[in-house]
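**Student:** Following this line is target_21.cif, made up of mmCIF, N, CA and C atoms:
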data_work
#
loop_
_atom_site.label_atom_id
_atom_site.label_comp_id
_atom_site.auth_asym_id
_atom_site.auth_seq_id
_atom_site.Cartn_x
_atom_site.Cartn_y
_atom_site.Cartn_z
N MET T 1 0.85 -1.18 0.00
CA MET T 1 0.00 0.00 0.00
C MET T 1 0.90 1.25 0.00
N GLN T 2 0.55 2.22 -0.82
CA GLN T 2 1.30 3.47 -0.91
C GLN T 2 0.98 4.37 0.28
N ILE T 3 1.90 5.29 0.56
CA ILE T 3 1.72 6.15 1.74
C ILE T 3 0.45 6.99 1.64
N GLY T 4 0.09 7.44 0.44
CA GLY T 4 -1.13 8.24 0.28
C GLY T 4 -2.36 7.48 0.73
N ASP T 5 -2.42 6.21 0.35
CA ASP T 5 -3.55 5.37 0.77
C ASP T 5 -3.55 5.16 2.28
N LYS T 6 -2.35 4.98 2.84
CA LYS T 6 -2.24 4.79 4.29
C LYS T 6 -2.68 6.05 5.03
N LEU T 7 -2.30 7.21 4.51
CA LEU T 7 -2.68 8.47 5.16
C LEU T 7 -4.19 8.67 5.13
N ARG T 8 -4.79 8.43 3.97
CA ARG T 8 -6.24 8.59 3.84
C ARG T 8 -6.97 7.64 4.79
N LYS T 9 -6.53 6.39 4.78
CA LYS T 9 -7.17 5.37 5.62
C LYS T 9 -7.04 5.73 7.10
N ALA T 10 -5.85 6.16 7.52
CA ALA T 10 -5.65 6.52 8.93
C ALA T 10 -6.48 7.74 9.31
N ARG T 11 -6.56 8.71 8.41
CA ARG T 11 -7.36 9.92 8.69
C ARG T 11 -8.83 9.54 8.86
N GLU T 12 -9.31 8.71 7.96
CA GLU T 12 -10.72 8.29 8.04
C GLU T 12 -10.99 7.46 9.29
N GLU T 13 -10.03 6.61 9.68
CA GLU T 13 -10.21 5.82 10.90
C GLU T 13 -10.28 6.71 12.14
N HIS T 14 -9.56 7.83 12.11
CA HIS T 14 -9.59 8.78 13.22
C HIS T 14 -10.72 9.81 13.08
N GLN T 15 -11.54 9.63 12.05
CA GLN T 15 -12.70 10.47 11.78
C GLN T 15 -12.32 11.96 11.73
N LEU T 16 -11.26 12.24 10.97
CA LEU T 16 -10.80 13.61 10.78
C LEU T 16 -11.02 14.02 9.33
N THR T 17 -11.34 15.29 9.12
CA THR T 17 -11.42 15.81 7.76
C THR T 17 -10.02 16.24 7.33
N GLN T 18 -9.86 16.48 6.04
CA GLN T 18 -8.57 16.98 5.56
C GLN T 18 -8.26 18.34 6.19
N SER T 19 -9.28 19.15 6.38
CA SER T 19 -9.08 20.47 7.01
C SER T 19 -8.61 20.34 8.45
N GLN T 20 -9.22 19.43 9.18
CA GLN T 20 -8.80 19.22 10.58
C GLN T 20 -7.36 18.72 10.64
N MET T 21 -7.03 17.82 9.75
CA MET T 21 -5.68 17.28 9.72
C MET T 21 -4.68 18.36 9.31
N SER T 22 -5.06 19.20 8.36
CA SER T 22 -4.16 20.26 7.91
C SER T 22 -3.85 21.23 9.04
N GLU T 23 -4.84 21.51 9.90
CA GLU T 23 -4.61 22.38 11.05
C GLU T 23 -3.63 21.76 12.02
N GLN T 24 -3.76 20.47 12.26
CA GLN T 24 -2.86 19.80 13.21
C GLN T 24 -1.43 19.74 12.68
N LEU T 25 -1.28 19.60 11.37
CA LEU T 25 0.06 19.49 10.78
C LEU T 25 0.62 20.83 10.32
N MET T 26 -0.22 21.87 10.40
CA MET T 26 0.18 23.22 10.00
C MET T 26 0.57 23.28 8.51
N VAL T 27 -0.26 22.65 7.69
CA VAL T 27 -0.11 22.71 6.23
C VAL T 27 -1.49 23.01 5.66
N SER T 28 -1.56 23.25 4.37
CA SER T 28 -2.86 23.54 3.75
C SER T 28 -3.66 22.25 3.56
N ARG T 29 -4.98 22.42 3.41
CA ARG T 29 -5.83 21.27 3.14
C ARG T 29 -5.45 20.65 1.80
N GLN T 30 -5.07 21.49 0.84
CA GLN T 30 -4.65 21.01 -0.47
C GLN T 30 -3.42 20.11 -0.35
N THR T 31 -2.53 20.45 0.56
CA THR T 31 -1.33 19.62 0.78
C THR T 31 -1.73 18.22 1.25
N ILE T 32 -2.67 18.17 2.19
CA ILE T 32 -3.17 16.87 2.67
C ILE T 32 -3.76 16.08 1.50
N SER T 33 -4.55 16.75 0.68
CA SER T 33 -5.16 16.11 -0.48
C SER T 33 -4.08 15.59 -1.44
N ASN T 34 -3.07 16.41 -1.70
CA ASN T 34 -1.99 15.99 -2.59
C ASN T 34 -1.23 14.78 -2.05
N TRP T 35 -1.03 14.73 -0.74
CA TRP T 35 -0.36 13.57 -0.15
C TRP T 35 -1.23 12.32 -0.33
N GLU T 36 -2.50 12.46 -0.06
CA GLU T 36 -3.39 11.30 -0.11
C GLU T 36 -3.61 10.79 -1.53
N THR T 37 -3.53 11.67 -2.51
CA THR T 37 -3.70 11.25 -3.91
C THR T 37 -2.38 10.89 -4.57
N GLY T 38 -1.28 11.09 -3.86
CA GLY T 38 0.03 10.73 -4.41
C GLY T 38 0.64 11.78 -5.32
N LYS T 39 0.05 12.98 -5.37
CA LYS T 39 0.60 14.05 -6.20
C LYS T 39 1.90 14.60 -5.61
N SER T 40 2.03 14.52 -4.30
CA SER T 40 3.26 14.94 -3.63
C SER T 40 3.44 14.06 -2.40
N LEU T 41 4.60 14.19 -1.79
CA LEU T 41 4.92 13.38 -0.61
C LEU T 41 5.24 14.30 0.57
N PRO T 42 4.88 13.89 1.78
CA PRO T 42 5.21 14.71 2.96
C PRO T 42 6.71 14.69 3.24
N ASP T 43 7.20 15.80 3.80
CA ASP T 43 8.60 15.82 4.20
C ASP T 43 8.76 15.05 5.51
N ILE T 44 9.99 14.88 5.95
CA ILE T 44 10.26 14.04 7.11
C ILE T 44 9.60 14.57 8.39
N LEU T 45 9.58 15.90 8.56
CA LEU T 45 8.94 16.45 9.76
C LEU T 45 7.44 16.19 9.75
N SER T 46 6.83 16.31 8.60
CA SER T 46 5.40 16.02 8.50
C SER T 46 5.12 14.54 8.76
N VAL T 47 6.00 13.68 8.27
CA VAL T 47 5.83 12.24 8.52
C VAL T 47 5.89 11.96 10.02
N LEU T 48 6.81 12.62 10.72
CA LEU T 48 6.91 12.43 12.17
C LEU T 48 5.62 12.92 12.87
N ARG T 49 5.12 14.07 12.46
CA ARG T 49 3.88 14.59 13.05
C ARG T 49 2.70 13.67 12.75
N ILE T 50 2.63 13.18 11.52
CA ILE T 50 1.55 12.26 11.13
C ILE T 50 1.60 11.02 12.01
N SER T 51 2.80 10.51 12.21
CA SER T 51 2.98 9.32 13.04
C SER T 51 2.46 9.56 14.45
N GLU T 52 2.69 10.74 14.99
CA GLU T 52 2.22 11.07 16.34
C GLU T 52 0.70 11.23 16.37
N VAL T 53 0.15 11.96 15.39
CA VAL T 53 -1.29 12.22 15.38
C VAL T 53 -2.07 10.91 15.23
N TYR T 54 -1.64 10.07 14.30
CA TYR T 54 -2.36 8.82 14.03
C TYR T 54 -1.91 7.67 14.92
N GLN T 55 -0.89 7.92 15.72
CA GLN T 55 -0.33 6.91 16.61
C GLN T 55 0.05 5.65 15.83
N ILE T 56 0.80 5.89 14.76
CA ILE T 56 1.29 4.82 13.89
C ILE T 56 2.81 4.87 13.94
N SER T 57 3.46 3.73 13.99
CA SER T 57 4.92 3.72 13.97
C SER T 57 5.42 4.17 12.60
N LEU T 58 6.59 4.75 12.58
CA LEU T 58 7.17 5.17 11.31
C LEU T 58 7.37 3.98 10.39
N ASP T 59 7.76 2.86 10.97
CA ASP T 59 7.97 1.65 10.18
C ASP T 59 6.67 1.24 9.47
N GLU T 60 5.58 1.27 10.20
CA GLU T 60 4.28 0.89 9.62
C GLU T 60 3.84 1.90 8.55
N LEU T 61 4.14 3.17 8.80
CA LEU T 61 3.72 4.22 7.88
C LEU T 61 4.53 4.20 6.58
N LEU T 62 5.82 3.92 6.68
CA LEU T 62 6.70 4.05 5.52
C LEU T 62 7.03 2.73 4.82
N LYS T 63 6.88 1.64 5.52
CA LYS T 63 7.30 0.35 4.96
C LYS T 63 6.58 0.05 3.65
N GLY T 64 7.37 -0.33 2.66
CA GLY T 64 6.82 -0.74 1.38
C GLY T 64 6.59 0.39 0.39
N ASP T 65 6.85 1.64 0.79
CA ASP T 65 6.65 2.75 -0.13
C ASP T 65 8.01 3.26 -0.60
N LYS T 66 8.47 2.75 -1.72
CA LYS T 66 9.78 3.10 -2.25
C LYS T 66 9.87 4.58 -2.61
N ALA T 67 8.81 5.13 -3.16
CA ALA T 67 8.82 6.55 -3.56
C ALA T 67 9.05 7.44 -2.35
N MET T 68 8.40 7.11 -1.23
CA MET T 68 8.56 7.92 -0.02
C MET T 68 9.98 7.81 0.52
N LEU T 69 10.52 6.60 0.53
CA LEU T 69 11.89 6.42 1.02
C LEU T 69 12.89 7.14 0.13
N GLU T 70 12.67 7.09 -1.18
CA GLU T 70 13.55 7.81 -2.11
C GLU T 70 13.44 9.31 -1.90
N ASN T 71 12.23 9.79 -1.63
CA ASN T 71 12.02 11.21 -1.36
C ASN T 71 12.77 11.64 -0.10
N MET T 72 12.71 10.82 0.93
CA MET T 72 13.40 11.13 2.18
C MET T 72 14.91 11.14 1.97
N GLU T 73 15.44 10.21 1.18
CA GLU T 73 16.86 10.19 0.89
C GLU T 73 17.27 11.45 0.12
N LYS T 74 16.43 11.84 -0.83
CA LYS T 74 16.69 13.04 -1.63
C LYS T 74 16.73 14.28 -0.73
N GLU T 75 15.76 14.38 0.19
CA GLU T 75 15.73 15.51 1.11
C GLU T 75 16.98 15.53 1.99
N ALA T 76 17.42 14.37 2.46
CA ALA T 76 18.61 14.31 3.29
C ALA T 76 19.84 14.75 2.51
N GLU T 77 19.94 14.33 1.26
CA GLU T 77 21.07 14.76 0.43
C GLU T 77 21.03 16.26 0.19
N GLN T 78 19.84 16.80 -0.02
CA GLN T 78 19.70 18.23 -0.27
C GLN T 78 20.10 19.02 0.97
N ARG T 79 19.69 18.57 2.13
CA ARG T 79 20.06 19.26 3.37
C ARG T 79 21.58 19.21 3.57
N LYS T 80 22.17 18.08 3.25
CA LYS T 80 23.63 17.95 3.38
C LYS T 80 24.33 18.93 2.43
N ALA T 81 23.83 19.04 1.21
CA ALA T 81 24.42 19.97 0.24
C ALA T 81 24.26 21.41 0.71
N GLU T 82 23.09 21.75 1.24
CA GLU T 82 22.87 23.10 1.74
C GLU T 82 23.80 23.40 2.91
N LYS T 83 23.99 22.43 3.78
CA LYS T 83 24.88 22.61 4.92
C LYS T 83 26.31 22.86 4.45
N THR T 84 26.73 22.13 3.42
CA THR T 84 28.07 22.31 2.87
C THR T 84 28.23 23.71 2.29
N VAL T 85 27.22 24.16 1.54
CA VAL T 85 27.27 25.50 0.95
C VAL T 85 27.33 26.56 2.05
N LEU T 86 26.53 26.40 3.10
CA LEU T 86 26.56 27.36 4.20
C LEU T 86 27.91 27.37 4.90
N THR T 87 28.50 26.21 5.09
CA THR T 87 29.82 26.14 5.71
C THR T 87 30.86 26.87 4.87
N VAL T 88 30.84 26.62 3.57
CA VAL T 88 31.77 27.29 2.66
C VAL T 88 31.53 28.80 2.68
N ALA T 89 30.26 29.20 2.72
CA ALA T 89 29.93 30.62 2.74
C ALA T 89 30.49 31.30 3.99
N TRP T 90 30.30 30.68 5.15
CA TRP T 90 30.81 31.27 6.39
C TRP T 90 32.33 31.32 6.39
N ILE T 91 32.96 30.29 5.91
CA ILE T 91 34.43 30.30 5.82
C ILE T 91 34.88 31.40 4.88
N SER T 92 34.18 31.57 3.77
CA SER T 92 34.51 32.64 2.82
C SER T 92 34.39 34.01 3.46
N ILE T 93 33.35 34.19 4.24
CA ILE T 93 33.16 35.48 4.91
C ILE T 93 34.29 35.73 5.89
N LEU T 94 34.65 34.73 6.67
CA LEU T 94 35.74 34.90 7.64
C LEU T 94 37.07 35.18 6.95
N VAL T 95 37.35 34.44 5.88
CA VAL T 95 38.58 34.67 5.13
C VAL T 95 38.55 36.07 4.52
N GLY T 96 37.41 36.49 4.01
CA GLY T 96 37.27 37.82 3.43
C GLY T 96 37.56 38.91 4.44
N ILE T 97 37.03 38.76 5.63
CA ILE T 97 37.30 39.75 6.69
C ILE T 97 38.78 39.78 7.03
N LEU T 98 39.39 38.62 7.11
CA LEU T 98 40.82 38.53 7.40
C LEU T 98 41.63 39.22 6.30
N VAL T 99 41.26 39.00 5.04
CA VAL T 99 41.97 39.63 3.92
C VAL T 99 41.82 41.15 3.98
N LEU T 100 40.63 41.61 4.33
CA LEU T 100 40.43 43.06 4.45
C LEU T 100 41.32 43.65 5.55
N ILE T 101 41.39 42.97 6.67
CA ILE T 101 42.23 43.44 7.77
C ILE T 101 43.70 43.44 7.35
N LEU T 102 44.14 42.35 6.75
CA LEU T 102 45.53 42.27 6.29
C LEU T 102 45.81 43.28 5.18
N GLY T 103 44.83 43.55 4.35
CA GLY T 103 44.98 44.52 3.27
C GLY T 103 45.31 45.90 3.80
N HIS T 104 44.69 46.26 4.90
CA HIS T 104 44.98 47.57 5.48
C HIS T 104 46.34 47.56 6.18
N ALA T 105 46.70 46.44 6.76
CA ALA T 105 47.98 46.35 7.47
C ALA T 105 49.16 46.25 6.50
N LEU T 106 48.96 45.65 5.34
CA LEU T 106 50.06 45.41 4.40
C LEU T 106 49.86 46.18 3.09
N GLU T 107 49.47 47.44 3.17
CA GLU T 107 49.26 48.23 1.96
C GLU T 107 50.54 48.35 1.16
N GLY T 108 50.39 48.38 -0.16
CA GLY T 108 51.55 48.57 -1.03
C GLY T 108 52.00 47.31 -1.73
N TYR T 109 51.55 46.14 -1.28
CA TYR T 109 51.89 44.90 -1.95
C TYR T 109 50.80 44.62 -2.99
N PRO T 110 51.18 44.43 -4.26
CA PRO T 110 50.17 44.30 -5.32
C PRO T 110 49.16 43.17 -5.09
N VAL T 111 49.62 42.01 -4.66
CA VAL T 111 48.70 40.88 -4.45
C VAL T 111 47.72 41.19 -3.33
N VAL T 112 48.24 41.74 -2.25
CA VAL T 112 47.38 42.09 -1.11
C VAL T 112 46.39 43.18 -1.51
N ASP T 113 46.87 44.17 -2.26
CA ASP T 113 45.96 45.23 -2.73
C ASP T 113 44.85 44.67 -3.61
N PHE T 114 45.22 43.74 -4.50
CA PHE T 114 44.22 43.11 -5.37
C PHE T 114 43.18 42.35 -4.54
N LEU T 115 43.67 41.51 -3.63
CA LEU T 115 42.76 40.72 -2.80
C LEU T 115 41.86 41.61 -1.96
N SER T 116 42.45 42.68 -1.43
CA SER T 116 41.65 43.57 -0.60
C SER T 116 40.61 44.32 -1.42
N GLY T 117 40.89 44.57 -2.69
CA GLY T 117 39.90 45.21 -3.56
C GLY T 117 38.84 44.23 -4.04
N ALA T 118 39.22 42.97 -4.23
CA ALA T 118 38.29 41.97 -4.75
C ALA T 118 37.41 41.35 -3.66
N THR T 119 37.86 41.39 -2.42
CA THR T 119 37.15 40.74 -1.33
C THR T 119 35.71 41.24 -1.15
N PRO T 120 35.47 42.54 -1.17
CA PRO T 120 34.06 42.97 -1.01
C PRO T 120 33.15 42.38 -2.09
N TRP T 121 33.65 42.23 -3.31
CA TRP T 121 32.83 41.65 -4.37
C TRP T 121 32.59 40.17 -4.11
N GLY T 122 33.61 39.49 -3.61
CA GLY T 122 33.44 38.08 -3.26
C GLY T 122 32.43 37.90 -2.14
N LEU T 123 32.50 38.78 -1.13
CA LEU T 123 31.54 38.72 -0.03
C LEU T 123 30.13 39.03 -0.51
N LEU T 124 30.01 39.95 -1.45
CA LEU T 124 28.71 40.24 -2.03
C LEU T 124 28.15 39.00 -2.75
N GLY T 125 29.01 38.29 -3.47
CA GLY T 125 28.59 37.06 -4.15
C GLY T 125 28.13 35.99 -3.17
N VAL T 126 28.87 35.83 -2.08
CA VAL T 126 28.50 34.84 -1.05
C VAL T 126 27.17 35.24 -0.42
N THR T 127 26.99 36.51 -0.14
CA THR T 127 25.73 36.99 0.43
C THR T 127 24.57 36.71 -0.52
N PHE T 128 24.79 36.96 -1.81
CA PHE T 128 23.77 36.69 -2.82
C PHE T 128 23.43 35.20 -2.85
N LEU T 129 24.44 34.34 -2.77
CA LEU T 129 24.22 32.90 -2.75
C LEU T 129 23.38 32.49 -1.55
N LEU T 130 23.71 33.02 -0.37
CA LEU T 130 22.94 32.70 0.83
C LEU T 130 21.49 33.17 0.69
N TRP T 131 21.29 34.33 0.08
CA TRP T 131 19.94 34.86 -0.12
C TRP T 131 19.14 33.94 -1.05
N ILE T 132 19.77 33.46 -2.13
CA ILE T 132 19.10 32.55 -3.05
C ILE T 132 18.72 31.25 -2.35
N LEU T 133 19.64 30.69 -1.56
CA LEU T 133 19.33 29.46 -0.82
C LEU T 133 18.16 29.68 0.13
N SER T 134 18.14 30.82 0.79
CA SER T 134 17.06 31.13 1.72
C SER T 134 15.72 31.22 0.99
N LEU T 135 15.69 31.89 -0.15
CA LEU T 135 14.46 32.00 -0.93
C LEU T 135 14.00 30.63 -1.44
N ASN T 136 14.96 29.81 -1.85
CA ASN T 136 14.64 28.47 -2.34
C ASN T 136 14.00 27.63 -1.23
N ARG T 137 14.57 27.70 -0.05
CA ARG T 137 14.04 26.94 1.08
C ARG T 137 12.64 27.43 1.45
N GLN T 138 12.42 28.76 1.45
CA GLN T 138 11.12 29.31 1.78
C GLN T 138 10.07 28.90 0.75
N SER T 139 10.44 28.90 -0.53
CA SER T 139 9.46 28.53 -1.56
C SER T 139 9.08 27.06 -1.44
N LYS T 140 10.02 26.20 -1.07
CA LYS T 140 9.70 24.79 -0.87
C LYS T 140 8.76 24.61 0.30
N GLN T 141 9.00 25.36 1.39
CA GLN T 141 8.14 25.25 2.56
C GLN T 141 6.74 25.77 2.25
N ASN T 142 6.64 26.82 1.43
CA ASN T 142 5.33 27.36 1.07
C ASN T 142 4.54 26.42 0.18
N LYS T 143 5.23 25.62 -0.65
CA LYS T 143 4.55 24.66 -1.52
C LYS T 143 3.90 23.55 -0.72
N GLU T 144 4.49 23.24 0.43
CA GLU T 144 3.94 22.17 1.25
C GLU T 144 2.78 22.72 2.01
#
Using the file provided, produce a representation of the structure as structure tokens.
**Tutor:**
Amino acid sequence: MQIGDKLRKAREEHQLTQSQMSEQLMVSRQTISNWETGKSLPDILSVLRISEVYQISLDELLKGDKAMLENMEKEAEQRKAEKTVLTVAWISILVGILVLILGHALEGYPVVDFLSGATPWGLLGVTFLLWILSLNRQSKQNKE
């Protein structure tokens, strides 16, 4: 049985409407409908909440649904990639600040002058990247 069928069946057994369930999970009613019809899959936090509301073990809820397990693996990989990008961004910012400080202390050296002039642009690029990641994450959360 697919997770959508399990979700619908569990909701009906608990005599809840899609609207009532959406309020408990803090998602839209349309999201509940999409999960139950298989148009989309719940994220891991929603799966945990569903498990608590319906008092179903995660094993029982997820077992046998390859699409859901693949979706969870994909989400985990995406979070790992985002974490890596954020780590690189913070390191870049720290290195940039260090270069700016050294640039003022070691004025007159061509390489240092170049780095000190280029650093603000690099920091602007890193800031832009972080902003894009933030917007991407917000749009994904709004879709759910």
**Student:** If you measure from atom CA of Ala118 of chain T to atom CA of Ser134 of chain T, what distance in Å do you get, rounded to one decimal?
**Tutor:**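 Distance reported for this atom pair: 24.7 Å.
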**Student:** With the PyMOL selection byres (((chain T and resi 52-66 and name CA) around 9) and name CA) as the selection, what would be picked from this file? Answer as a list in words, please.
**Tutor:**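 That expression, the PyMOL selection byres (((chain T and resi 52-66 and name CA) around 9) and name CA), corresponds here to Met1, Gln2, Ile3, Lys6, Leu7, Ala10, Arg11, Glu13, His14, Met21, Gln24, Leu25, Val47, Leu48, Arg49, Ile50, Ser51, Ala67, Met68, Leu69, Glu70 and Asn71 of chain T.
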**Student:** For the atom pair atom CA of Asn136 of chain T and atom C of Leu94 of chain T, what is the interatomic distance in Å to one decimal place?
**Tutor:** 25.2 Å
**Student:** In Å, rounded to a single decimal, give me how far atom C of Ser116 of chain T is from atom C of Leu100 of chain T.
**Tutor:**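 Going from atom C of Leu100 of chain T over to atom C of Ser116 of chain T, I get 7.0 Å.
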**Student:** Starting from the displayed file, determine the output of the PyMOL selection byres (((chain T and resi 85 and name CA) around 12) and name CA) and express the residue list as a PyMOL selection string.
**Tutor:** chain T and resi 78-84+86-92+126-127+129-134
**Student:** Just list as an MDAnalysis selection string whatever in chain T DSSP marks as helix (DSSP H, G or I).
**Tutor:** chainID T and resid 3:13 18:25 29:37 44:54 58:62 66:105 110:143
**Student:** With distances taken over only C-alpha atoms, which of T:Met26, T:Gly122, T:Glu75, T:Gln20 is nearest to Asp43 of chain T?
**Tutor:**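 The answer is T:Glu75, which sits nearest to Asp43 of chain T.
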**Student:** Which polymer residues, whether protein, DNA or RNA, lie within 12 Å of the coordinate (3.8, 15.9, -4.8) when you count only C-alpha atoms? List them as a PyMOL selection string, using the chain letters and numbers from the file.
**Tutor:** chain T and resi 3-4+30-43+67-68+71+140+143-144
**Student:** Keeping N, CA and C atoms (and nothing else), can you write segment 51-67 of chain T of this structure as a PDB file, in the first residue's frame?
**Tutor:**
ATOM      1  N   SER T  51       2.797  10.508  12.212  1.00  0.00           N
ATOM      2  CA  SER T  51       2.983   9.324  13.038  1.00  0.00           C
ATOM      3  C   SER T  51       2.455   9.559  14.451  1.00  0.00           C
ATOM      4  N   GLU T  52       2.693  10.744  14.986  1.00  0.00           N
ATOM      5  CA  GLU T  52       2.217  11.068  16.337  1.00  0.00           C
ATOM      6  C   GLU T  52       0.699  11.228  16.371  1.00  0.00           C
ATOM      7  N   VAL T  53       0.150  11.962  15.392  1.00  0.00           N
ATOM      8  CA  VAL T  53      -1.294  12.217  15.376  1.00  0.00           C
ATOM      9  C   VAL T  53      -2.066  10.914  15.228  1.00  0.00           C
ATOM     10  N   TYR T  54      -1.643  10.067  14.296  1.00  0.00           N
ATOM     11  CA  TYR T  54      -2.362   8.824  14.027  1.00  0.00           C
ATOM     12  C   TYR T  54      -1.906   7.674  14.922  1.00  0.00           C
ATOM     13  N   GLN T  55      -0.894   7.925  15.717  1.00  0.00           N
ATOM     14  CA  GLN T  55      -0.328   6.908  16.614  1.00  0.00           C
ATOM     15  C   GLN T  55       0.049   5.649  15.831  1.00  0.00           C
ATOM     16  N   ILE T  56       0.799   5.888  14.757  1.00  0.00           N
ATOM     17  CA  ILE T  56       1.292   4.817  13.888  1.00  0.00           C
ATOM     18  C   ILE T  56       2.811   4.872  13.937  1.00  0.00           C
ATOM     19  N   SER T  57       3.459   3.726  13.991  1.00  0.00           N
ATOM     20  CA  SER T  57       4.920   3.725  13.974  1.00  0.00           C
ATOM     21  C   SER T  57       5.415   4.172  12.596  1.00  0.00           C
ATOM     22  N   LEU T  58       6.589   4.747  12.584  1.00  0.00           N
ATOM     23  CA  LEU T  58       7.175   5.169  11.311  1.00  0.00           C
ATOM     24  C   LEU T  58       7.373   3.975  10.391  1.00  0.00           C
ATOM     25  N   ASP T  59       7.761   2.859  10.966  1.00  0.00           N
ATOM     26  CA  ASP T  59       7.965   1.647  10.179  1.00  0.00           C
ATOM     27  C   ASP T  59       6.672   1.242   9.471  1.00  0.00           C
ATOM     28  N   GLU T  60       5.580   1.266  10.198  1.00  0.00           N
ATOM     29  CA  GLU T  60       4.279   0.891   9.623  1.00  0.00           C
ATOM     30  C   GLU T  60       3.843   1.896   8.552  1.00  0.00           C
ATOM     31  N   LEU T  61       4.136   3.166   8.796  1.00  0.00           N
ATOM     32  CA  LEU T  61       3.725   4.221   7.875  1.00  0.00           C
ATOM     33  C   LEU T  61       4.526   4.200   6.578  1.00  0.00           C
ATOM     34  N   LEU T  62       5.816   3.920   6.678  1.00  0.00           N
ATOM     35  CA  LEU T  62       6.704   4.045   5.522  1.00  0.00           C
ATOM     36  C   LEU T  62       7.032   2.735   4.822  1.00  0.00           C
ATOM     37  N   LYS T  63       6.883   1.636   5.520  1.00  0.00           N
ATOM     38  CA  LYS T  63       7.302   0.355   4.962  1.00  0.00           C
ATOM     39  C   LYS T  63       6.583   0.049   3.653  1.00  0.00           C
ATOM     40  N   GLY T  64       7.371  -0.328   2.664  1.00  0.00           N
ATOM     41  CA  GLY T  64       6.819  -0.737   1.384  1.00  0.00           C
ATOM     42  C   GLY T  64       6.594   0.388   0.390  1.00  0.00           C
ATOM     43  N   ASP T  65       6.853   1.635   0.789  1.00  0.00           N
ATOM     44  CA  ASP T  65       6.655   2.755  -0.131  1.00  0.00           C
ATOM     45  C   ASP T  65       8.012   3.262  -0.596  1.00  0.00           C
ATOM     46  N   LYS T  66       8.468   2.746  -1.722  1.00  0.00           N
ATOM     47  CA  LYS T  66       9.784   3.103  -2.247  1.00  0.00           C
ATOM     48  C   LYS T  66       9.873   4.576  -2.615  1.00  0.00           C
ATOM     49  N   ALA T  67       8.809   5.130  -3.160  1.00  0.00           N
ATOM     50  CA  ALA T  67       8.820   6.546  -3.560  1.00  0.00           C
ATOM     51  C   ALA T  67       9.052   7.440  -2.347  1.00  0.00           C
TER      52      ALA T  67
END
